[in-house]
Each structure stands twice: as C-alpha cells, then as structure tokens.
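S.K.: Can you keep this structure in mind? I'll have questions shortly.
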Amino acid sequence: MGKKLSVIPGGNQKYLLCLARLNFSEEDLVLEAGIDPDVATCALELLELFVTPEEGDAIHAAFSSQ
C-alpha cells in the first residue's frame, strides 16, 4: 500500500488523515451521519498498522482537543 501511495504527493499523509477522520467520526454530525460504526472500527485497525503507539497518541490528541 505504501508503494502505491508514494506516487501521489502526500499520499501517505492523506491516507492516514482519512483513516483518523473515519476513526474519530461522530454519528450525530451531518457529514458523518452515513458512516457505519463498523467502518470506524476498520479504520482504527488499519491506522494501528501504520502508526506507532506514540504517533497514535498524537493523532488522538489532535482530534480530541476540538
């Protein structure tokens, strides 16, 4: 996956950002209303494959501070 994403400028970062946004989505918001909770669970599993625990904590802090 990393090789495919590397041909897109910022591909790896965009992929991680999308996974993080899916993982931390809230059902009561308008844009996130159609996202199934299972999608958030799958996004978390994929995110855990790509980031270290320290990076995961930083991502969590970025999305939970809002």
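Following the order of the structure tokens, first chain is A, next is B, and so on, with residues numbered from 1 inside each chain and ligands from 1 in the order they appear.
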So which residues touch A:His60 within 9 Å, counting only C-alpha atoms, skipping near sequence neighbours fewer than 4 positions away, as a PDB file with N, CA and C atoms, in the first residue's frame?
M.R.:
```pdb
ATOM      1  N   ALA A  20      -7.802   8.462  10.203  1.00  0.00           N
ATOM      2  CA  ALA A  20      -8.020   9.103  11.500  1.00  0.00           C
ATOM      3  C   ALA A  20      -9.389   9.773  11.546  1.00  0.00           C
ATOM      4  N   PHE A  24     -12.341   8.707  14.204  1.00  0.00           N
ATOM      5  CA  PHE A  24     -12.850   9.627  15.215  1.00  0.00           C
ATOM      6  C   PHE A  24     -14.143  10.322  14.788  1.00  0.00           C
ATOM      7  N   GLU A  55       2.715   7.902  17.870  1.00  0.00           N
ATOM      8  CA  GLU A  55       2.029   8.642  16.814  1.00  0.00           C
ATOM      9  C   GLU A  55       0.518   8.544  16.987  1.00  0.00           C
ATOM     10  N   GLY A  56       0.050   7.385  17.403  1.00  0.00           N
ATOM     11  CA  GLY A  56      -1.378   7.194  17.661  1.00  0.00           C
ATOM     12  C   GLY A  56      -1.873   8.109  18.766  1.00  0.00           C
ATOM     13  N   SER A  64      -9.127  14.916  19.590  1.00  0.00           N
ATOM     14  CA  SER A  64      -9.958  15.034  20.795  1.00  0.00           C
ATOM     15  C   SER A  64      -9.873  16.409  21.424  1.00  0.00           C
ATOM     16  N   SER A  65      -8.971  17.275  20.958  1.00  0.00           N
ATOM     17  CA  SER A  65      -8.838  18.607  21.542  1.00  0.00           C
ATOM     18  C   SER A  65      -9.860  19.588  20.973  1.00  0.00           C
TER      19      SER A  65
END
```
S.K.: Apply DSSP to the structure's backbone, then extract all residues of chain A labelled alpha helix (DSSP H) and return them as number ranges by chain.
M.R.: A: 2-6, 11-23, 37-50, 53-64
S.K.: Within 7 Å of stretch 41-49 of chain A, counting only C-alpha atoms, which residues show up once you throw out same-chain ones fewer than 5 positions away? Write them as an MDAnalysis selection string, please.
M.R.: chainID A and resid 16 19 22:23
S.K.: Using atom CA of A:Asp57 and atom CA of A:Leu5 as the two end points, give the distance in Å to one decimal.
M.R.: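 For atom CA of A:Asp57 relative to atom CA of A:Leu5, the distance reads 23.2 Å.
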S.K.: For A:Val51, which residue among A:Leu17, A:Val39, A:Val7, A:Ala33 is the nearest when counting only C-alpha atoms?
M.R.: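 Selected residue with least distance to A:Val51: A:Leu17.
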S.K.: One decimal, in Å: what's the spacing between atom CA of A:Gly2 and atom CA of A:Asp36?
M.R.: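 So the answer is 25.8 Å.
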